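Note: the block below is model.cif and it holds mmCIF, C-alpha atoms and all ligand atoms.
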```
data_coords
loop_
_atom_site.label_atom_id
_atom_site.label_comp_id
_atom_site.auth_asym_id
_atom_site.auth_seq_id
_atom_site.Cartn_x
_atom_site.Cartn_y
_atom_site.Cartn_z
CA MET A 30 9.54 -9.08 -2.85
CA SER A 31 6.85 -11.01 -1.01
CA LEU A 32 4.58 -9.04 1.29
CA LEU A 33 4.28 -12.13 3.53
CA LYS A 34 7.03 -13.30 5.88
CA THR A 35 5.91 -16.92 5.89
CA SER A 36 3.81 -19.23 3.73
CA ASN A 37 0.84 -18.84 6.14
CA PHE A 38 -1.42 -15.83 6.81
CA ILE A 39 -2.57 -15.93 10.43
CA SER A 40 -1.91 -12.46 11.86
CA ALA A 41 -0.48 -8.98 11.23
CA ASN A 42 2.89 -10.42 12.20
CA ASP A 43 2.94 -12.36 8.91
CA VAL A 44 2.99 -9.15 6.81
CA THR A 45 6.19 -7.36 5.79
CA ASP A 46 4.54 -4.10 4.63
CA ILE A 47 0.92 -3.37 5.52
CA ASN A 48 0.72 -0.26 3.31
CA ALA A 49 1.94 -2.22 0.28
CA LEU A 50 -0.63 -4.97 0.95
CA VAL A 51 -3.39 -2.34 1.27
CA ALA A 52 -2.26 -0.72 -2.01
CA LYS A 53 -2.35 -4.12 -3.70
CA ALA A 54 -5.89 -4.75 -2.43
CA LEU A 55 -7.06 -1.34 -3.69
CA ASP A 56 -5.43 -2.10 -7.07
CA TYR A 57 -7.50 -5.28 -7.24
CA LYS A 58 -10.61 -3.28 -6.35
CA ALA A 59 -9.92 -1.07 -9.37
CA ASN A 60 -9.10 -4.04 -11.63
CA PRO A 61 -10.40 -7.34 -10.18
CA PHE A 62 -9.26 -9.53 -13.09
CA ARG A 63 -5.74 -8.14 -13.45
CA ASP A 64 -4.24 -11.48 -12.35
CA LYS A 65 -7.01 -13.77 -13.57
CA THR A 66 -4.62 -16.61 -14.50
CA LEU A 67 -2.27 -16.39 -11.49
CA GLY A 68 -4.03 -19.26 -9.72
CA ALA A 69 -4.83 -21.38 -12.78
CA GLY A 70 -4.58 -25.07 -11.93
CA LYS A 71 -4.52 -24.32 -8.19
CA ARG A 72 -7.21 -25.26 -5.67
CA ILE A 73 -8.06 -23.70 -2.30
CA GLY A 74 -9.97 -25.69 0.30
CA CYS A 75 -12.12 -23.46 2.52
CA LEU A 76 -12.94 -25.33 5.74
CA PHE A 77 -15.62 -23.88 7.99
CA LEU A 78 -15.88 -25.30 11.48
CA ASN A 79 -18.22 -22.38 12.27
CA PRO A 80 -20.84 -20.29 10.42
CA SER A 81 -19.95 -17.48 8.01
CA MET A 82 -21.42 -15.37 5.23
CA ARG A 83 -18.93 -12.61 4.33
CA THR A 84 -15.72 -14.60 4.81
CA ARG A 85 -17.03 -17.59 2.90
CA LEU A 86 -18.32 -15.64 -0.11
CA SER A 87 -15.53 -13.06 -0.33
CA THR A 88 -12.81 -15.72 -0.17
CA GLN A 89 -14.47 -17.74 -2.95
CA ILE A 90 -14.86 -14.64 -5.13
CA ALA A 91 -11.25 -13.59 -4.47
CA ALA A 92 -9.97 -17.06 -5.40
CA GLN A 93 -12.05 -17.11 -8.60
CA ASN A 94 -10.82 -13.62 -9.57
CA LEU A 95 -7.30 -15.11 -9.49
CA GLY A 96 -8.31 -18.16 -11.52
CA MET A 97 -8.22 -20.57 -8.55
CA GLU A 98 -10.85 -23.18 -7.86
CA PRO A 99 -12.33 -22.80 -4.36
CA ILE A 100 -13.93 -25.80 -2.68
CA VAL A 101 -15.96 -25.11 0.46
CA PHE A 102 -16.37 -27.79 3.12
CA ASN A 103 -18.59 -27.05 6.11
CA VAL A 104 -16.69 -29.34 8.45
CA GLY A 105 -18.61 -28.11 11.48
CA SER A 106 -22.02 -29.16 10.17
CA GLU A 107 -21.24 -31.76 7.48
CA GLY A 108 -17.91 -33.38 8.38
CA TRP A 109 -16.69 -35.83 10.98
CA GLN A 110 -16.19 -34.23 14.36
CA LEU A 111 -12.47 -33.54 14.64
CA GLU A 112 -10.17 -34.23 17.60
CA PHE A 113 -7.36 -31.70 18.11
CA GLU A 114 -5.56 -32.90 21.25
CA ASP A 115 -2.42 -34.91 20.49
CA GLU A 116 -2.39 -38.36 22.13
CA ALA A 117 -6.12 -38.13 22.84
CA ILE A 118 -7.94 -41.38 23.65
CA MET A 119 -10.79 -40.96 21.19
CA SER A 120 -13.52 -42.76 23.11
CA GLY A 121 -15.80 -39.70 23.23
CA THR A 122 -17.67 -37.73 20.57
CA THR A 123 -14.78 -36.97 18.18
CA SER A 124 -14.51 -39.27 15.14
CA GLU A 125 -11.35 -38.25 13.30
CA HIS A 126 -8.06 -36.76 14.47
CA VAL A 127 -6.76 -33.63 12.75
CA LYS A 128 -3.47 -35.53 12.45
CA ASP A 129 -5.25 -37.89 10.02
CA ALA A 130 -7.58 -35.39 8.31
CA ALA A 131 -5.21 -32.45 7.70
CA PRO A 132 -2.60 -34.36 5.60
CA ILE A 133 -5.44 -35.50 3.32
CA MET A 134 -6.47 -31.86 2.85
CA GLY A 135 -2.82 -31.27 2.00
CA LYS A 136 -3.10 -33.80 -0.84
CA TYR A 137 -6.34 -32.33 -2.22
CA PHE A 138 -5.50 -28.61 -2.07
CA ASP A 139 -2.68 -26.13 -2.72
CA ILE A 140 -3.84 -23.73 0.03
CA LEU A 141 -5.98 -24.55 3.05
CA ALA A 142 -8.21 -21.80 4.45
CA ILE A 143 -9.81 -22.42 7.84
CA ARG A 144 -12.37 -20.82 10.13
CA THR A 145 -12.15 -22.08 13.69
CA PHE A 146 -13.83 -20.11 16.47
CA PRO A 147 -12.58 -20.39 20.06
CA SER A 148 -14.23 -22.84 22.44
CA LEU A 149 -14.79 -19.99 24.93
CA ALA A 150 -14.46 -22.81 27.48
CA ASN A 151 -10.69 -23.33 27.69
CA LYS A 152 -8.69 -20.08 27.61
CA GLU A 153 -5.34 -21.86 27.45
CA ASP A 154 -6.30 -23.89 24.35
CA ASP A 155 -7.96 -20.91 22.69
CA TYR A 156 -5.03 -18.54 23.26
CA SER A 157 -2.52 -21.20 22.14
CA GLU A 158 -4.47 -21.29 18.84
CA LEU A 159 -4.63 -25.06 19.19
CA TYR A 160 -7.00 -25.70 16.25
CA ILE A 161 -5.34 -23.66 13.51
CA ASN A 162 -1.85 -24.60 14.71
CA GLN A 163 -2.73 -28.28 14.45
CA PHE A 164 -3.81 -27.73 10.84
CA ILE A 165 -0.54 -25.88 10.17
CA LYS A 166 1.40 -28.71 11.82
CA TYR A 167 -0.25 -31.54 9.91
CA ALA A 168 -1.55 -30.19 6.54
CA GLY A 169 1.83 -29.65 4.91
CA ILE A 170 0.50 -26.80 2.73
CA PRO A 171 0.09 -23.04 3.37
CA VAL A 172 -2.74 -22.15 5.75
CA LEU A 173 -4.91 -19.02 5.50
CA SER A 174 -6.89 -17.97 8.57
CA LEU A 175 -10.55 -17.20 7.93
CA GLU A 176 -10.77 -16.30 11.66
CA SER A 177 -9.15 -18.32 14.38
CA ALA A 178 -9.56 -18.55 18.15
CA THR A 179 -8.00 -15.16 18.88
CA LEU A 180 -7.63 -13.27 15.58
CA HIS A 181 -9.45 -12.38 12.34
CA PRO A 182 -6.68 -11.12 10.06
CA LEU A 183 -8.61 -10.82 6.76
CA GLN A 184 -11.25 -8.74 8.57
CA SER A 185 -8.59 -6.47 10.06
CA LEU A 186 -6.74 -6.05 6.76
CA THR A 187 -10.12 -5.09 5.28
CA ASP A 188 -10.57 -2.55 8.07
CA VAL A 189 -7.20 -0.93 7.32
CA ILE A 190 -8.11 -0.85 3.60
CA THR A 191 -11.45 0.79 4.39
CA ILE A 192 -9.90 3.45 6.63
CA ARG A 193 -7.23 4.15 4.03
CA GLU A 194 -9.69 4.53 1.15
CA THR A 195 -12.08 6.79 3.10
CA LEU A 196 -9.41 9.06 4.60
CA ASN A 197 -9.65 11.43 1.63
CA GLU A 198 -13.30 12.01 2.59
CA LYS A 199 -12.01 13.44 5.89
CA PRO A 200 -9.72 16.30 4.80
CA GLU A 201 -9.43 17.50 8.40
CA THR A 202 -7.24 14.45 9.10
CA ARG A 203 -4.78 15.28 6.31
CA ASN A 204 -2.12 16.80 8.56
CA GLN A 205 -2.60 14.58 11.57
CA LYS A 206 -3.16 10.95 12.43
CA PRO A 207 -6.89 10.08 12.30
CA LYS A 208 -8.35 9.15 15.68
CA VAL A 209 -9.71 5.60 15.57
CA VAL A 210 -11.77 4.38 18.54
CA LEU A 211 -12.59 0.73 19.15
CA THR A 212 -15.62 0.66 21.42
CA TRP A 213 -17.11 -2.30 23.24
CA ALA A 214 -20.89 -2.66 22.72
CA PRO A 215 -23.52 -4.77 24.48
CA HIS A 216 -24.61 -8.16 23.12
CA VAL A 217 -26.98 -10.93 24.11
CA LYS A 218 -24.40 -13.73 24.35
CA PRO A 219 -20.67 -14.14 25.06
CA LEU A 220 -18.67 -13.54 21.87
CA PRO A 221 -14.99 -14.20 21.12
CA GLN A 222 -12.38 -11.44 21.50
CA CYS A 223 -11.00 -12.22 17.99
CA VAL A 224 -12.16 -9.16 16.07
CA ALA A 225 -11.20 -6.74 18.85
CA ASN A 226 -7.81 -8.42 19.39
CA SER A 227 -7.14 -8.47 15.68
CA PHE A 228 -8.26 -4.88 15.02
CA SER A 229 -5.99 -3.75 17.88
CA GLN A 230 -3.06 -5.75 16.57
CA TRP A 231 -3.42 -4.32 13.04
CA MET A 232 -3.96 -0.71 14.19
CA ASN A 233 -0.78 -0.95 16.27
CA ALA A 234 1.19 -2.65 13.49
CA TRP A 235 -0.03 -0.11 10.90
CA GLY A 236 0.92 2.76 13.18
CA GLU A 237 -0.78 5.49 11.12
CA VAL A 238 -3.65 6.24 13.51
CA ASP A 239 -4.17 7.59 17.01
CA PHE A 240 -5.70 4.43 18.46
CA VAL A 241 -8.04 4.44 21.48
CA ILE A 242 -9.93 1.50 23.00
CA THR A 243 -12.93 1.99 25.28
CA HIS A 244 -14.78 -0.65 27.26
CA PRO A 245 -16.40 -1.10 30.66
CA GLU A 246 -14.14 -2.22 33.49
CA ASP A 247 -13.49 -5.99 33.49
CA TYR A 248 -13.49 -6.19 29.66
CA GLU A 249 -9.72 -5.74 29.30
CA LEU A 250 -8.28 -7.44 26.21
CA ASP A 251 -5.00 -9.36 26.09
CA PRO A 252 -2.25 -6.67 26.37
CA LYS A 253 -0.29 -8.66 23.77
CA PHE A 254 -2.74 -7.23 21.22
CA THR A 255 -3.66 -3.82 22.69
CA GLY A 256 0.00 -2.77 23.02
CA ASN A 257 0.36 0.96 23.61
CA ALA A 258 -3.24 1.90 22.72
CA THR A 259 -4.93 4.44 25.00
CA ILE A 260 -7.55 2.54 27.03
CA LEU A 261 -10.46 4.46 28.58
CA HIS A 262 -13.45 3.23 30.58
CA ASN A 263 -15.43 6.39 29.84
CA GLN A 264 -16.97 5.89 26.40
CA ASP A 265 -18.03 9.54 25.96
CA GLU A 266 -14.50 10.74 26.68
CA ALA A 267 -13.06 8.19 24.24
CA LEU A 268 -15.48 9.13 21.43
CA LYS A 269 -14.63 12.85 21.60
CA ASP A 270 -13.29 14.01 18.20
CA ALA A 271 -13.05 10.44 16.85
CA ASP A 272 -12.70 10.15 13.06
CA TYR A 273 -13.58 6.45 13.01
CA VAL A 274 -15.59 4.42 15.53
CA TYR A 275 -15.27 0.64 15.34
CA VAL A 276 -18.08 -1.01 17.28
CA LYS A 277 -17.72 -4.57 18.59
CA ASN A 278 -18.82 -6.71 21.49
CA TRP A 279 -16.48 -9.15 23.19
CA SER A 280 -16.79 -11.30 26.28
CA THR A 281 -14.36 -11.00 29.18
CA TYR A 282 -10.75 -12.08 28.65
CA THR A 283 -9.35 -12.19 32.19
CA ASP A 284 -12.14 -14.21 33.84
CA TYR A 285 -12.64 -15.94 30.54
CA ALA A 286 -15.71 -15.66 28.28
CA LYS A 287 -18.18 -14.11 30.71
CA ILE A 288 -20.69 -11.31 30.35
CA TYR A 289 -20.24 -9.09 33.44
CA ASN A 290 -21.81 -5.80 32.58
CA ASN A 291 -24.13 -5.59 29.59
CA ASP A 292 -24.97 -1.93 30.11
CA PRO A 293 -27.26 -0.87 27.22
CA SER A 294 -25.96 2.69 27.51
CA TRP A 295 -22.83 1.47 25.66
CA MET A 296 -24.89 1.01 22.42
CA LEU A 297 -23.71 3.49 19.77
CA THR A 298 -26.50 6.03 19.17
CA LEU A 299 -26.77 9.31 17.26
CA ASP A 300 -26.28 11.19 20.56
CA LYS A 301 -22.96 9.43 21.07
CA LEU A 302 -21.98 9.93 17.43
CA ALA A 303 -22.51 13.67 17.96
CA LEU A 304 -19.49 13.62 20.32
CA THR A 305 -17.21 12.56 17.46
CA ASN A 306 -15.63 14.41 14.56
CA ASN A 307 -18.48 13.27 12.27
CA ALA A 308 -16.94 9.80 12.60
CA LYS A 309 -17.31 7.05 10.11
CA VAL A 310 -18.82 3.99 11.79
CA MET A 311 -17.43 0.50 11.25
CA HIS A 312 -18.47 -3.00 12.35
CA CYS A 313 -17.33 -6.40 11.03
CA LEU A 314 -20.94 -7.70 10.82
CA PRO A 315 -23.17 -9.51 11.53
CA VAL A 316 -24.56 -6.87 13.88
CA ARG A 317 -27.40 -6.96 16.41
CA ARG A 318 -29.43 -3.86 15.52
CA ASN A 319 -30.56 -1.72 18.44
CA VAL A 320 -28.33 -3.73 20.79
CA GLU A 321 -24.81 -2.91 19.53
CA LEU A 322 -25.72 0.05 17.29
CA SER A 323 -29.01 1.89 16.86
CA ASP A 324 -30.91 1.75 13.57
CA GLU A 325 -30.32 5.49 13.20
CA VAL A 326 -26.54 5.06 13.25
CA LEU A 327 -26.46 1.99 11.01
CA ASP A 328 -28.75 3.64 8.46
CA SER A 329 -26.96 7.01 8.59
CA PRO A 330 -24.44 8.26 6.00
CA ASN A 331 -21.75 7.85 8.67
CA SER A 332 -22.05 4.07 8.50
CA ILE A 333 -19.53 2.46 6.14
CA VAL A 334 -20.28 -1.14 7.16
CA THR A 335 -21.43 -2.23 3.69
CA GLN A 336 -18.39 -0.69 1.99
CA GLU A 337 -16.25 -2.39 4.64
CA ALA A 338 -17.84 -5.81 4.01
CA GLY A 339 -17.47 -5.30 0.24
CA ASN A 340 -13.74 -4.76 0.76
CA ARG A 341 -13.40 -8.27 2.18
CA VAL A 342 -12.98 -9.50 -1.42
CA TRP A 343 -9.95 -7.26 -2.08
CA ALA A 344 -8.25 -8.12 1.19
CA ALA A 345 -8.62 -11.84 0.46
CA GLN A 346 -7.50 -11.37 -3.15
CA ALA A 347 -4.34 -9.47 -2.14
CA VAL A 348 -3.40 -12.12 0.43
CA LEU A 349 -4.17 -15.07 -1.85
CA SER A 350 -2.13 -13.44 -4.61
CA GLU A 351 0.84 -13.23 -2.24
CA MET A 352 0.35 -16.84 -1.12
CA LEU A 353 0.20 -18.00 -4.75
CA GLY A 354 3.37 -16.03 -5.47
CA GLN A 355 5.12 -17.92 -2.68
CA LEU A 356 3.89 -21.28 -4.06
CA SER A 357 5.52 -20.60 -7.41
CA SER A 358 8.79 -19.14 -6.06
N1 LIG A 401 -17.19 -10.42 9.46
C1 LIG A 401 -17.26 -11.74 9.21
O1 LIG A 401 -16.28 -12.48 9.38
O2 LIG A 401 -18.47 -12.15 8.76
P1 LIG A 401 -18.91 -13.69 8.58
O3 LIG A 401 -18.88 -14.30 9.96
O4 LIG A 401 -20.27 -13.65 7.98
O5 LIG A 401 -17.90 -14.36 7.70
#
```

Could you express the structure from this file as structure tokens?
Amino acid sequence: MSLLKTSNFISANDVTDINALVAKALDYKANPFRDKTLGAGKRIGCLFLNPSMRTRLSTQIAAQNLGMEPIVFNVGSEGWQLEFEDEAIMSGTTSEHVKDAAPIMGKYFDILAIRTFPSLANKEDDYSELYINQFIKYAGIPVLSLESATLHPLQSLTDVITIRETLNEKPETRNQKPKVVLTWAPHVKPLPQCVANSFSQWMNAWGEVDFVITHPEDYELDPKFTGNATILHNQDEALKDADYVYVKNWSTYTDYAKIYNNDPSWMLTLDKLALTNNAKVMHCLPVRRNVELSDEVLDSPNSIVTQEAGNRVWAAQAVLSEMLGQLSS
């Protein structure tokens, strides 16, 4: 049975069984070339409208492990500037409509993978997922999100995988749900809410953790993603007895894409880590050292950020394997 509900992978809502998908990813970690011919003769186009290191490389490696040919196209820096609004009068800076470009991608590739950040200028467009939905509408082939305007599903699947595989290093959590805290951190510029939204969505959908979110007032996330998580504005209180601390900055959601309070006391330091249950520290990367997290935390044995980034390959491989399975069924 497929672990994906639809031919696309855009959010946690596309997964039928998160634990089974995590198990599949960890199987690939143990045996990367188990399905090395599954994608033979198939091609994945990886379109980047925005910069990336981990997502770009891990997706290519995952595709190659399955025998697929990945082709990377940096649309944002090397392609024609795309127009996404239907019925637009294209007399401005955009050169090609997605309605014309996406069907061509559909002829060249079997799967289309896309990174499209939010504009952080138009909340309605961003939260309608205009860009990725236009690719889905016009490409005519399955679409894999490499991070969209509001979500980063491969990152969040990776985060579940990383929590699952490190749980046995925390025997004190064996008889209870581990406490996972998502904490806002300062940053020098307004960032999307994608990673925080997505992490919240996946923690809630997974349901195997006691999930707490902490941020300064005015940094509320979209309740559609935070669900029933406990939300605290006192970071010290939230961090108490945490087993995992996920650090991430995001700009404001309600009064969209602003930096209100950039209080440096929200940076995760060793003093704050001492409040936790010897928590493992996670971050999607890239990270601003000594702004979001201190050097001492990032370089401590509690930090599992490199392991987490390494797991991006297995998350992508598990999802691509499922998408390939749907292509052949
Ligand atoms: N975490 C993440 O998506 O990293 P990149 O932006 O480098 O792909």

Requested in this report: Output the neighbourhood of ligand LIG 401 (chain A) as a PyMOL selection string, that is, all protein and nucleic acid residues with some atom at most 10 Å from the ligand, counting all atoms listed in the file.
Outcome: chain A and resi 77+79-88+144+175-176+181-185+187+224+312-316+337-338+341

Can I get the selected residues back with C-alpha atoms, as a PDB file, keeping the file's coordinate frame?
```pdb
ATOM      1  CA  PHE A  77     -15.620 -23.880   7.990  1.00  0.00           C
ATOM      2  CA  ASN A  79     -18.220 -22.380  12.270  1.00  0.00           C
ATOM      3  CA  PRO A  80     -20.840 -20.290  10.420  1.00  0.00           C
ATOM      4  CA  SER A  81     -19.950 -17.480   8.010  1.00  0.00           C
ATOM      5  CA  MET A  82     -21.420 -15.370   5.230  1.00  0.00           C
ATOM      6  CA  ARG A  83     -18.930 -12.610   4.330  1.00  0.00           C
ATOM      7  CA  THR A  84     -15.720 -14.600   4.810  1.00  0.00           C
ATOM      8  CA  ARG A  85     -17.030 -17.590   2.900  1.00  0.00           C
ATOM      9  CA  LEU A  86     -18.320 -15.640  -0.110  1.00  0.00           C
ATOM     10  CA  SER A  87     -15.530 -13.060  -0.330  1.00  0.00           C
ATOM     11  CA  THR A  88     -12.810 -15.720  -0.170  1.00  0.00           C
ATOM     12  CA  ARG A 144     -12.370 -20.820  10.130  1.00  0.00           C
ATOM     13  CA  LEU A 175     -10.550 -17.200   7.930  1.00  0.00           C
ATOM     14  CA  GLU A 176     -10.770 -16.300  11.660  1.00  0.00           C
ATOM     15  CA  HIS A 181      -9.450 -12.380  12.340  1.00  0.00           C
ATOM     16  CA  PRO A 182      -6.680 -11.120  10.060  1.00  0.00           C
ATOM     17  CA  LEU A 183      -8.610 -10.820   6.760  1.00  0.00           C
ATOM     18  CA  GLN A 184     -11.250  -8.740   8.570  1.00  0.00           C
ATOM     19  CA  SER A 185      -8.590  -6.470  10.060  1.00  0.00           C
ATOM     20  CA  THR A 187     -10.120  -5.090   5.280  1.00  0.00           C
ATOM     21  CA  VAL A 224     -12.160  -9.160  16.070  1.00  0.00           C
ATOM     22  CA  HIS A 312     -18.470  -3.000  12.350  1.00  0.00           C
ATOM     23  CA  CYS A 313     -17.330  -6.400  11.030  1.00  0.00           C
ATOM     24  CA  LEU A 314     -20.940  -7.700  10.820  1.00  0.00           C
ATOM     25  CA  PRO A 315     -23.170  -9.510  11.530  1.00  0.00           C
ATOM     26  CA  VAL A 316     -24.560  -6.870  13.880  1.00  0.00           C
ATOM     27  CA  GLU A 337     -16.250  -2.390   4.640  1.00  0.00           C
ATOM     28  CA  ALA A 338     -17.840  -5.810   4.010  1.00  0.00           C
ATOM     29  CA  ARG A 341     -13.400  -8.270   2.180  1.00  0.00           C
TER      30      ARG A 341
END
```

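Atom CA of Thr191 of chain A to atom CA of Glu158 of chain A spans 27.3 Å [interatomic distance, one decimal].
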
In Å and to one decimal, atom CA of Tyr285 of chain A is distant from atom CA of Ser40 of chain A by 21.8 Å

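Here atom CA of Asn340 of chain A is placed at a distance of 10.6 Å from atom CA of Val51 of chain A.
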
Selection near Ile170 of chain A, 8 Å with only C-alpha atoms, sequence-local residues under 6 positions removed, as a PyMOL selection string
chain A and resi 135+138-141

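If you measure from each of A:Glu351, A:Glu249, A:Glu153, A:Glu116 to Ser31 of chain A using only C-alpha atoms, the closest one turns out to be A:Glu351.
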
Find the residues near Glu125 of chain A: any atom within 12 Å, counting all atoms listed in the file, skip ones fewer than 2 places away on the same chain, and give them as a PDB file with C-alpha atoms, keeping the file's coordinate frame.
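Once written, out-v6.pdb looks like this:
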```
ATOM      1  CA  VAL A 104     -16.690 -29.340   8.450  1.00  0.00           C
ATOM      2  CA  GLY A 108     -17.910 -33.380   8.380  1.00  0.00           C
ATOM      3  CA  TRP A 109     -16.690 -35.830  10.980  1.00  0.00           C
ATOM      4  CA  GLN A 110     -16.190 -34.230  14.360  1.00  0.00           C
ATOM      5  CA  LEU A 111     -12.470 -33.540  14.640  1.00  0.00           C
ATOM      6  CA  GLU A 112     -10.170 -34.230  17.600  1.00  0.00           C
ATOM      7  CA  PHE A 113      -7.360 -31.700  18.110  1.00  0.00           C
ATOM      8  CA  GLU A 114      -5.560 -32.900  21.250  1.00  0.00           C
ATOM      9  CA  ASP A 115      -2.420 -34.910  20.490  1.00  0.00           C
ATOM     10  CA  ALA A 117      -6.120 -38.130  22.840  1.00  0.00           C
ATOM     11  CA  ILE A 118      -7.940 -41.380  23.650  1.00  0.00           C
ATOM     12  CA  MET A 119     -10.790 -40.960  21.190  1.00  0.00           C
ATOM     13  CA  SER A 120     -13.520 -42.760  23.110  1.00  0.00           C
ATOM     14  CA  GLY A 121     -15.800 -39.700  23.230  1.00  0.00           C
ATOM     15  CA  THR A 122     -17.670 -37.730  20.570  1.00  0.00           C
ATOM     16  CA  THR A 123     -14.780 -36.970  18.180  1.00  0.00           C
ATOM     17  CA  VAL A 127      -6.760 -33.630  12.750  1.00  0.00           C
ATOM     18  CA  LYS A 128      -3.470 -35.530  12.450  1.00  0.00           C
ATOM     19  CA  ASP A 129      -5.250 -37.890  10.020  1.00  0.00           C
ATOM     20  CA  ALA A 130      -7.580 -35.390   8.310  1.00  0.00           C
ATOM     21  CA  ALA A 131      -5.210 -32.450   7.700  1.00  0.00           C
ATOM     22  CA  ILE A 133      -5.440 -35.500   3.320  1.00  0.00           C
TER      23      ILE A 133
END
```

Using all atoms listed in the file, which protein or nucleic acid residues come within 7 Å of Asn94 of chain A? Drop anything in the same chain fewer than 4 positions from it, and give the result as a count of residues only. 4

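Checking A:Asn226, A:Gln163, A:Thr35, A:Asn48 one by one against Ala347 of chain A, counting only C-alpha atoms, you find the shortest gap at A:Asn48.
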
Some atoms are absent from segment 321-338 of chain A, so rebuild N, CA and C atoms and return them as a compact mmCIF listing (two decimals), in the frame of the given file.
```
# COMPACT_ATOMS: atom_id res chain seq x y z
N GLU A 321 -26.18 -3.43 19.66
CA GLU A 321 -24.81 -2.91 19.53
C GLU A 321 -24.80 -1.48 18.99
N LEU A 322 -25.58 -1.27 17.91
CA LEU A 322 -25.72 0.05 17.29
C LEU A 322 -27.20 0.30 17.06
N SER A 323 -27.60 1.58 17.13
CA SER A 323 -29.01 1.89 16.86
C SER A 323 -29.26 1.88 15.35
N ASP A 324 -30.51 1.66 14.98
CA ASP A 324 -30.91 1.75 13.57
C ASP A 324 -30.44 3.07 12.96
N GLU A 325 -30.62 4.15 13.73
CA GLU A 325 -30.32 5.49 13.20
C GLU A 325 -28.86 5.61 12.80
N VAL A 326 -27.97 4.99 13.58
CA VAL A 326 -26.54 5.06 13.25
C VAL A 326 -26.25 4.16 12.05
N LEU A 327 -26.76 2.93 12.10
CA LEU A 327 -26.46 1.99 11.01
C LEU A 327 -27.01 2.47 9.67
N ASP A 328 -28.13 3.19 9.70
CA ASP A 328 -28.75 3.64 8.46
C ASP A 328 -28.33 5.07 8.09
N SER A 329 -27.40 5.63 8.85
CA SER A 329 -26.96 7.01 8.59
C SER A 329 -25.84 7.01 7.55
N PRO A 330 -25.56 8.18 6.96
CA PRO A 330 -24.44 8.26 6.00
C PRO A 330 -23.10 8.02 6.66
N ASN A 331 -23.02 8.10 7.98
CA ASN A 331 -21.75 7.85 8.67
C ASN A 331 -21.36 6.38 8.63
N SER A 332 -22.35 5.50 8.47
CA SER A 332 -22.05 4.07 8.50
C SER A 332 -21.39 3.63 7.20
N ILE A 333 -20.22 2.98 7.34
CA ILE A 333 -19.53 2.46 6.14
C ILE A 333 -19.43 0.93 6.23
N VAL A 334 -20.38 0.31 6.93
CA VAL A 334 -20.28 -1.14 7.16
C VAL A 334 -20.43 -1.96 5.87
N THR A 335 -21.25 -1.47 4.94
CA THR A 335 -21.43 -2.23 3.69
C THR A 335 -20.19 -2.11 2.81
N GLN A 336 -19.65 -0.89 2.74
CA GLN A 336 -18.39 -0.69 1.99
C GLN A 336 -17.29 -1.57 2.58
N GLU A 337 -17.26 -1.59 3.91
CA GLU A 337 -16.25 -2.39 4.64
C GLU A 337 -16.40 -3.88 4.27
N ALA A 338 -17.62 -4.39 4.33
CA ALA A 338 -17.84 -5.81 4.01
C ALA A 338 -17.50 -6.09 2.55
```
